[in-house]
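Data from run.pdb: PDB, C-alpha atoms
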```pdb
MODEL        1
ATOM      1  CA  MET A 302      18.617 -25.349   0.810
ATOM      2  CA  GLN A 303      22.212 -24.934  -0.377
ATOM      3  CA  ASN A 304      20.998 -23.250  -3.586
ATOM      4  CA  ASN A 305      18.974 -20.668  -1.601
ATOM      5  CA  ASP A 306      22.040 -19.819   0.500
ATOM      6  CA  ASN A 307      24.140 -19.437  -2.660
ATOM      7  CA  ASN A 308      21.485 -17.189  -4.214
ATOM      8  CA  LYS A 309      21.391 -14.977  -1.127
ATOM      9  CA  GLU A 310      25.187 -14.714  -1.014
ATOM     10  CA  GLU A 311      25.324 -13.859  -4.722
ATOM     11  CA  ALA A 312      22.557 -11.277  -4.319
ATOM     12  CA  GLU A 313      24.390  -9.668  -1.385
ATOM     13  CA  ARG A 314      27.597  -9.558  -3.466
ATOM     14  CA  LEU A 315      25.685  -7.857  -6.290
ATOM     15  CA  ILE A 316      24.158  -5.373  -3.823
ATOM     16  CA  GLY A 317      27.666  -4.553  -2.595
ATOM     17  CA  ILE A 318      28.722  -3.745  -6.157
ATOM     18  CA  ALA A 319      25.559  -1.705  -6.700
ATOM     19  CA  GLU A 320      26.269   0.255  -3.511
ATOM     20  CA  LYS A 321      29.818   1.083  -4.643
ATOM     21  CA  LEU A 322      28.495   2.240  -8.010
ATOM     22  CA  LEU A 323      25.862   4.327  -6.237
ATOM     23  CA  GLN A 324      28.559   5.959  -4.069
ATOM     24  CA  ASN A 325      30.312   6.967  -7.287
ATOM     25  CA  ARG A 326      26.956   8.218  -8.639
ATOM     26  CA  ASP A 327      26.956   5.678 -11.454
ATOM     27  CA  LEU A 328      23.172   5.457 -11.279
ATOM     28  CA  ASN A 329      22.674   3.271 -14.343
ATOM     29  CA  GLY A 330      25.354   0.825 -13.207
ATOM     30  CA  ALA A 331      23.894   0.685  -9.691
ATOM     31  CA  LYS A 332      20.454   0.081 -11.167
ATOM     32  CA  ASP A 333      21.739  -2.749 -13.382
ATOM     33  CA  PHE A 334      23.390  -4.558 -10.457
ATOM     34  CA  ALA A 335      20.358  -4.022  -8.210
ATOM     35  CA  ILE A 336      18.169  -5.609 -10.889
ATOM     36  CA  LEU A 337      20.563  -8.570 -11.104
ATOM     37  CA  ALA A 338      20.420  -8.936  -7.312
ATOM     38  CA  GLN A 339      16.632  -8.758  -7.415
ATOM     39  CA  GLU A 340      16.496 -11.484 -10.068
ATOM     40  CA  THR A 341      18.847 -13.642  -7.996
ATOM     41  CA  GLU A 342      17.003 -13.127  -4.694
ATOM     42  CA  PRO A 343      13.591 -11.460  -5.193
ATOM     43  CA  LEU A 344      12.837 -11.089  -1.475
ATOM     44  CA  LEU A 345      15.925  -8.983  -0.753
ATOM     45  CA  GLU A 346      14.563  -5.518   0.123
ATOM     46  CA  THR A 347      17.858  -3.711  -0.380
ATOM     47  CA  SER A 348      17.627  -4.099  -4.156
ATOM     48  CA  ASP A 349      14.304  -2.221  -4.110
ATOM     49  CA  GLN A 350      15.914   0.546  -2.056
ATOM     50  CA  ILE A 351      18.786   0.997  -4.515
ATOM     51  CA  LEU A 352      16.396   0.903  -7.478
ATOM     52  CA  ALA A 353      14.221   3.589  -5.892
ATOM     53  CA  ILE A 354      17.239   5.854  -5.293
ATOM     54  CA  ALA A 355      18.561   5.358  -8.826
ATOM     55  CA  ASP A 356      15.167   5.887 -10.473
ATOM     56  CA  VAL A 357      14.416   9.107  -8.562
ATOM     57  CA  LEU A 358      17.878  10.565  -9.126
ATOM     58  CA  LEU A 359      17.915   9.641 -12.816
ATOM     59  CA  VAL A 360      14.633  11.486 -13.322
ATOM     60  CA  SER A 361      15.808  14.495 -11.327
ATOM     61  CA  ASP A 362      19.052  14.635 -13.357
ATOM     62  CA  ALA A 363      17.195  14.562 -16.681
ATOM     63  CA  THR A 364      17.041  18.030 -18.128
ATOM     64  CA  THR A 365      13.920  19.688 -19.440
ATOM     65  CA  THR A 366      13.942  22.626 -21.800
ATOM     66  CA  ASP A 367      12.722  25.012 -19.086
ATOM     67  CA  ASN A 368      14.366  23.285 -16.063
ATOM     68  CA  THR A 369      10.972  22.480 -14.529
ATOM     69  CA  PRO A 370      11.145  19.677 -11.943
ATOM     70  CA  GLN A 371       9.533  16.488 -13.212
ATOM     71  CA  TRP A 372       7.355  15.829 -10.167
ATOM     72  CA  TYR A 373       5.097  13.228 -11.816
ATOM     73  CA  GLN A 374       8.078  11.227 -13.065
ATOM     74  CA  ILE A 375       9.803  11.444  -9.679
ATOM     75  CA  LEU A 376       6.714   9.827  -8.123
ATOM     76  CA  GLN A 377       6.561   7.370 -11.048
ATOM     77  CA  VAL A 378       3.101   8.557 -12.103
ATOM     78  CA  ASP A 379       2.339   8.305 -15.805
ATOM     79  CA  VAL A 380       0.481  11.072 -17.592
ATOM     80  CA  LEU A 381      -2.736   9.034 -17.779
ATOM     81  CA  HIS A 382      -2.947   9.005 -13.963
ATOM     82  CA  SER A 383      -1.782  12.569 -13.369
ATOM     83  CA  GLN A 384      -5.238  13.623 -12.134
ATOM     84  CA  ASP A 385      -5.737  10.582  -9.860
ATOM     85  CA  LEU A 386      -4.726  11.636  -6.338
ATOM     86  CA  HIS A 387      -5.041   8.026  -5.121
ATOM     87  CA  VAL A 388      -2.322   6.871  -7.554
ATOM     88  CA  ILE A 389      -0.113   9.840  -6.675
ATOM     89  CA  ARG A 390      -0.574   9.171  -2.935
ATOM     90  CA  SER A 391       0.115   5.437  -3.166
ATOM     91  CA  ASN A 392       3.273   5.996  -5.234
ATOM     92  CA  TYR A 393       4.448   8.625  -2.773
ATOM     93  CA  ARG A 394       3.900   6.306   0.201
ATOM     94  CA  ARG A 395       5.676   3.394  -1.482
ATOM     95  CA  LEU A 396       8.698   5.522  -2.384
ATOM     96  CA  ALA A 397       8.766   7.290   0.990
ATOM     97  CA  LEU A 398       8.926   3.925   2.768
ATOM     98  CA  LEU A 399      11.742   2.722   0.507
ATOM     99  CA  LEU A 400      13.750   5.947   0.718
ATOM    100  CA  HIS A 401      13.246   7.129   4.309
ATOM    101  CA  PRO A 402      16.709   7.822   5.750
ATOM    102  CA  ASP A 403      15.897   5.870   8.937
ATOM    103  CA  LYS A 404      15.258   2.730   6.831
ATOM    104  CA  ASN A 405      17.576   3.218   3.853
ATOM    105  CA  ARG A 406      21.300   3.331   4.624
ATOM    106  CA  PHE A 407      22.475   3.721   1.023
ATOM    107  CA  PRO A 408      24.167   6.843  -0.366
ATOM    108  CA  PHE A 409      21.834   9.532  -1.729
ATOM    109  CA  ALA A 410      18.757   8.010  -0.038
ATOM    110  CA  GLN A 411      18.193  11.237   1.884
ATOM    111  CA  HIS A 412      18.448  13.325  -1.300
ATOM    112  CA  ALA A 413      16.031  11.008  -3.154
ATOM    113  CA  PHE A 414      13.654  11.108  -0.176
ATOM    114  CA  ALA A 415      13.735  14.921  -0.217
ATOM    115  CA  LEU A 416      12.874  14.950  -3.941
ATOM    116  CA  VAL A 417       9.953  12.563  -3.379
ATOM    117  CA  SER A 418       8.736  14.718  -0.472
ATOM    118  CA  ASP A 419       8.975  17.871  -2.596
ATOM    119  CA  ALA A 420       7.029  16.184  -5.400
ATOM    120  CA  TRP A 421       4.329  15.130  -2.944
ATOM    121  CA  SER A 422       4.080  18.616  -1.435
ATOM    122  CA  VAL A 423       3.413  20.094  -4.892
ATOM    123  CA  LEU A 424       1.130  17.387  -6.271
ATOM    124  CA  SER A 425      -0.942  16.915  -3.101
ATOM    125  CA  ASP A 426      -1.784  20.623  -2.763
ATOM    126  CA  PRO A 427      -4.588  21.501  -5.205
ATOM    127  CA  ALA A 428      -3.418  25.092  -5.796
ATOM    128  CA  GLN A 429       0.247  24.143  -6.310
ATOM    129  CA  LYS A 430      -0.717  21.206  -8.532
ATOM    130  CA  LEU A 431      -2.938  23.420 -10.670
ATOM    131  CA  ALA A 432      -0.111  25.935 -11.111
ATOM    132  CA  TYR A 433       2.395  23.164 -11.864
ATOM    133  CA  ASP A 434       0.076  21.533 -14.417
ATOM    134  CA  ALA A 435      -0.559  24.925 -16.042
ATOM    135  CA  GLY A 436       3.193  25.431 -16.352
ATOM    136  CA  LEU A 437       3.574  21.990 -17.933
ATOM    137  CA  ASN A 438       0.768  22.738 -20.355
ATOM    138  CA  ARG A 439       2.359  26.053 -21.369
ATOM    139  CA  ALA A 440       5.684  24.300 -21.910
ATOM    140  CA  GLN A 441       3.942  21.689 -24.084
ATOM    141  CA  GLY A 442       1.871  24.258 -25.934
ATOM    142  CA  ASN A 443      -1.377  22.778 -24.577
ATOM    143  CA  VAL A 444      -4.059  25.320 -23.754
ATOM    144  CA  SER A 445      -6.832  22.939 -22.667
ATOM    145  CA  GLY A 446      -5.937  23.171 -18.979
ATOM    146  CA  SER A 447      -5.129  19.522 -18.299
ATOM    147  CA  VAL A 448      -1.852  17.681 -18.600
ATOM    148  CA  GLN A 449      -1.554  16.651 -22.218
ATOM    149  CA  GLN A 450      -2.104  12.958 -22.774
ATOM    150  CA  GLU A 451      -0.257  10.947 -25.366
ATOM    151  CA  LYS A 452      -2.247  10.559 -28.547
ATOM    152  CA  LEU A 453      -2.831   7.087 -29.883
ATOM    153  CA  PRO A 454      -1.765   6.488 -33.466
ATOM    154  CA  VAL A 455      -4.455   6.240 -36.090
ATOM    155  CA  ARG A 456      -4.755   2.671 -37.332
ATOM    156  CA  ARG A 457      -6.298   1.251 -40.422
ATOM    157  CA  GLY A 458      -9.063  -1.183 -39.481
ATOM    158  CA  SER A 459     -11.723  -3.058 -41.336
ATOM    159  CA  ASP A 460     -15.478  -2.795 -41.001
ATOM    160  CA  PRO A 461     -17.240  -6.052 -41.918
ATOM    161  CA  TYR A 462     -20.097  -4.064 -43.490
ATOM    162  CA  SER A 463     -18.425  -1.314 -45.451
ATOM    163  CA  GLY A 464     -14.820  -2.306 -46.034
ATOM    164  CA  ASN A 465     -11.863  -0.381 -44.668
ATOM    165  CA  PHE A 466     -12.163   2.725 -42.519
ATOM    166  CA  TRP A 467      -9.983   4.829 -40.262
ATOM    167  CA  THR A 468     -10.173   4.340 -36.491
ATOM    168  CA  ALA A 469      -8.552   6.204 -33.686
TER     169      ALA A 469
ENDMDL
END
```

Conversion result in C-alpha cells:
Amino acid sequence: MQNNDNNKEEAERLIGIAEKLLQNRDLNGAKDFAILAQETEPLLETSDQILAIADVLLVSDATTTDNTPQWYQILQVDVLHSQDLHVIRSNYRRLALLLHPDKNRFPFAQHAFALVSDAWSVLSDPAQKLAYDAGLNRAQGNVSGSVQQEKLPVRRGSDPYSGNFWTA
C-alpha cells in the first residue's frame, strides 16, 4: 500500500511540473512530464487532460504551406479513417470530454476545446467536409476527390512457382 501512495504522490508532483510547463506554453515539456506521470500512476486522469491539451495545441501550432487548419490531426484521425464519420465522432467525443472547460482546469484547455469543436463543426457537416477535403486535395496535388492516402512501398517478394516478382 505504501508503494501505491508513493506512486500517487510522485505522479501528482510530475503533474505539477507539467502544469507549470503548460502555463509557460512549453507544450513538449508538459507532454513529457504528463507521460511520466501517466507511467507512474496510470489511473490519474489529469495526465490525460494535459496530454490532450498539448497534442491539440502542438498540431494547431504546426504550420502548413497554405495555413489550412489541420482538422483531422486536431481530432487525431489518421488519413485512412478520414471518411469514417464514426471514428471522427468518437475521437471528438473523447477529446471534448477531456478538454471541456468545466472538467479541465489546466491552462489552455478552453483554447484546445475550441479547436476540437471547430474541427468537429467542419468534419461533421457533409458540405463543409467536402469543401475542406477538396482544399486538402488541391494542396496535395490530388485530383481524385478523396483525401490522398499514403502509398505503401513496393517490396520485392518471392513467388514459389515463378521466382521473384514485384508486389505492392

Go ahead and compute the interatomic distance for CA of Gln377 in chain A and CA of Ala312 in chain A, in Å to one decimal.
25.5 Å

What are the closest atom pairs, with distances in Å to one decimal, for each residue of range 330-383 of chain A lying within 12 Å of range 435-440 of chain A, using all atoms listed in the file, rows by chain and rising residue number, as a tab-separated table?
```
residue	atom	partner	partner_atom	distance
A:Thr365	CA	A:Ala440	CA	9.8
A:Thr366	CA	A:Ala440	CA	8.4
A:Asp367	CA	A:Ala440	CA	7.6
A:Asn368	CA	A:Ala440	CA	10.5
A:Thr369	CA	A:Leu437	CA	8.2
A:Pro370	CA	A:Leu437	CA	9.9
A:Gln371	CA	A:Leu437	CA	9.4
A:Trp372	CA	A:Leu437	CA	10.6
A:Tyr373	CA	A:Leu437	CA	10.8
A:Val380	CA	A:Leu437	CA	11.4
A:Ser383	CA	A:Leu437	CA	11.8
```

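In this structure, CA of Leu431 in chain A sits 21.4 Å away from CA of Val360 in chain A.
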
Using only C-alpha atoms, which of the listed residues (A:Val388, A:Leu424, A:Ala319, A:Asn329) sits closest to Asp362 in chain A?
A:Asn329

Point (13.8, 8.0, 4.6), cut-off 12 Å, counting all atoms listed in the file, residues as a PDB file with C-alpha atoms, keeping the file's coordinate frame:
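For reference, point-v9.pdb as written:
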```pdb
ATOM      1  CA  GLN A 350      15.914   0.546  -2.056  1.00  0.00           C
ATOM      2  CA  ALA A 353      14.221   3.589  -5.892  1.00  0.00           C
ATOM      3  CA  ILE A 354      17.239   5.854  -5.293  1.00  0.00           C
ATOM      4  CA  TYR A 393       4.448   8.625  -2.773  1.00  0.00           C
ATOM      5  CA  ARG A 394       3.900   6.306   0.201  1.00  0.00           C
ATOM      6  CA  ARG A 395       5.676   3.394  -1.482  1.00  0.00           C
ATOM      7  CA  LEU A 396       8.698   5.522  -2.384  1.00  0.00           C
ATOM      8  CA  ALA A 397       8.766   7.290   0.990  1.00  0.00           C
ATOM      9  CA  LEU A 398       8.926   3.925   2.768  1.00  0.00           C
ATOM     10  CA  LEU A 399      11.742   2.722   0.507  1.00  0.00           C
ATOM     11  CA  LEU A 400      13.750   5.947   0.718  1.00  0.00           C
ATOM     12  CA  HIS A 401      13.246   7.129   4.309  1.00  0.00           C
ATOM     13  CA  PRO A 402      16.709   7.822   5.750  1.00  0.00           C
ATOM     14  CA  ASP A 403      15.897   5.870   8.937  1.00  0.00           C
ATOM     15  CA  LYS A 404      15.258   2.730   6.831  1.00  0.00           C
ATOM     16  CA  ASN A 405      17.576   3.218   3.853  1.00  0.00           C
ATOM     17  CA  ARG A 406      21.300   3.331   4.624  1.00  0.00           C
ATOM     18  CA  PHE A 407      22.475   3.721   1.023  1.00  0.00           C
ATOM     19  CA  PRO A 408      24.167   6.843  -0.366  1.00  0.00           C
ATOM     20  CA  PHE A 409      21.834   9.532  -1.729  1.00  0.00           C
ATOM     21  CA  ALA A 410      18.757   8.010  -0.038  1.00  0.00           C
ATOM     22  CA  GLN A 411      18.193  11.237   1.884  1.00  0.00           C
ATOM     23  CA  HIS A 412      18.448  13.325  -1.300  1.00  0.00           C
ATOM     24  CA  ALA A 413      16.031  11.008  -3.154  1.00  0.00           C
ATOM     25  CA  PHE A 414      13.654  11.108  -0.176  1.00  0.00           C
ATOM     26  CA  ALA A 415      13.735  14.921  -0.217  1.00  0.00           C
ATOM     27  CA  LEU A 416      12.874  14.950  -3.941  1.00  0.00           C
ATOM     28  CA  VAL A 417       9.953  12.563  -3.379  1.00  0.00           C
ATOM     29  CA  SER A 418       8.736  14.718  -0.472  1.00  0.00           C
TER      30      SER A 418
END
```

Identify, on the basis of only C-alpha atoms, every residue whose closest approach to Pro343 in chain A does not exceed 10 Å; exclude the query and any residue fewer than 5 positions from it along the same chain; express the result as a VMD selection string.
chain A and resid 308 to 309 312 336 to 338 348 to 349

Expressed in Å to a single decimal, how great is the separation between CA of Asp434 in chain A and CA of Ala355 in chain A?
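Calculated distance between CA of Asp434 in chain A and CA of Ala355 in chain A is 25.2 Å.
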
Selection result of the PyMOL selection byres ((chain A and resi 331) around 8) on this file, as an mmCIF file with C-alpha atoms, in the frame of the given file:
```cif
data_model
loop_
_atom_site.group_PDB
_atom_site.id
_atom_site.type_symbol
_atom_site.label_atom_id
_atom_site.label_comp_id
_atom_site.auth_asym_id
_atom_site.auth_seq_id
_atom_site.Cartn_x
_atom_site.Cartn_y
_atom_site.Cartn_z
ATOM 1 C CA ILE A 318 28.722 -3.745 -6.157
ATOM 2 C CA ALA A 319 25.559 -1.705 -6.700
ATOM 3 C CA GLU A 320 26.269 0.255 -3.511
ATOM 4 C CA LYS A 321 29.818 1.083 -4.643
ATOM 5 C CA LEU A 322 28.495 2.240 -8.010
ATOM 6 C CA LEU A 323 25.862 4.327 -6.237
ATOM 7 C CA ASP A 327 26.956 5.678 -11.454
ATOM 8 C CA LEU A 328 23.172 5.457 -11.279
ATOM 9 C CA ASN A 329 22.674 3.271 -14.343
ATOM 10 C CA GLY A 330 25.354 0.825 -13.207
ATOM 11 C CA LYS A 332 20.454 0.081 -11.167
ATOM 12 C CA ASP A 333 21.739 -2.749 -13.382
ATOM 13 C CA PHE A 334 23.390 -4.558 -10.457
ATOM 14 C CA ALA A 335 20.358 -4.022 -8.210
ATOM 15 C CA ILE A 351 18.786 0.997 -4.515
ATOM 16 C CA LEU A 352 16.396 0.903 -7.478
ATOM 17 C CA ALA A 355 18.561 5.358 -8.826
#
```
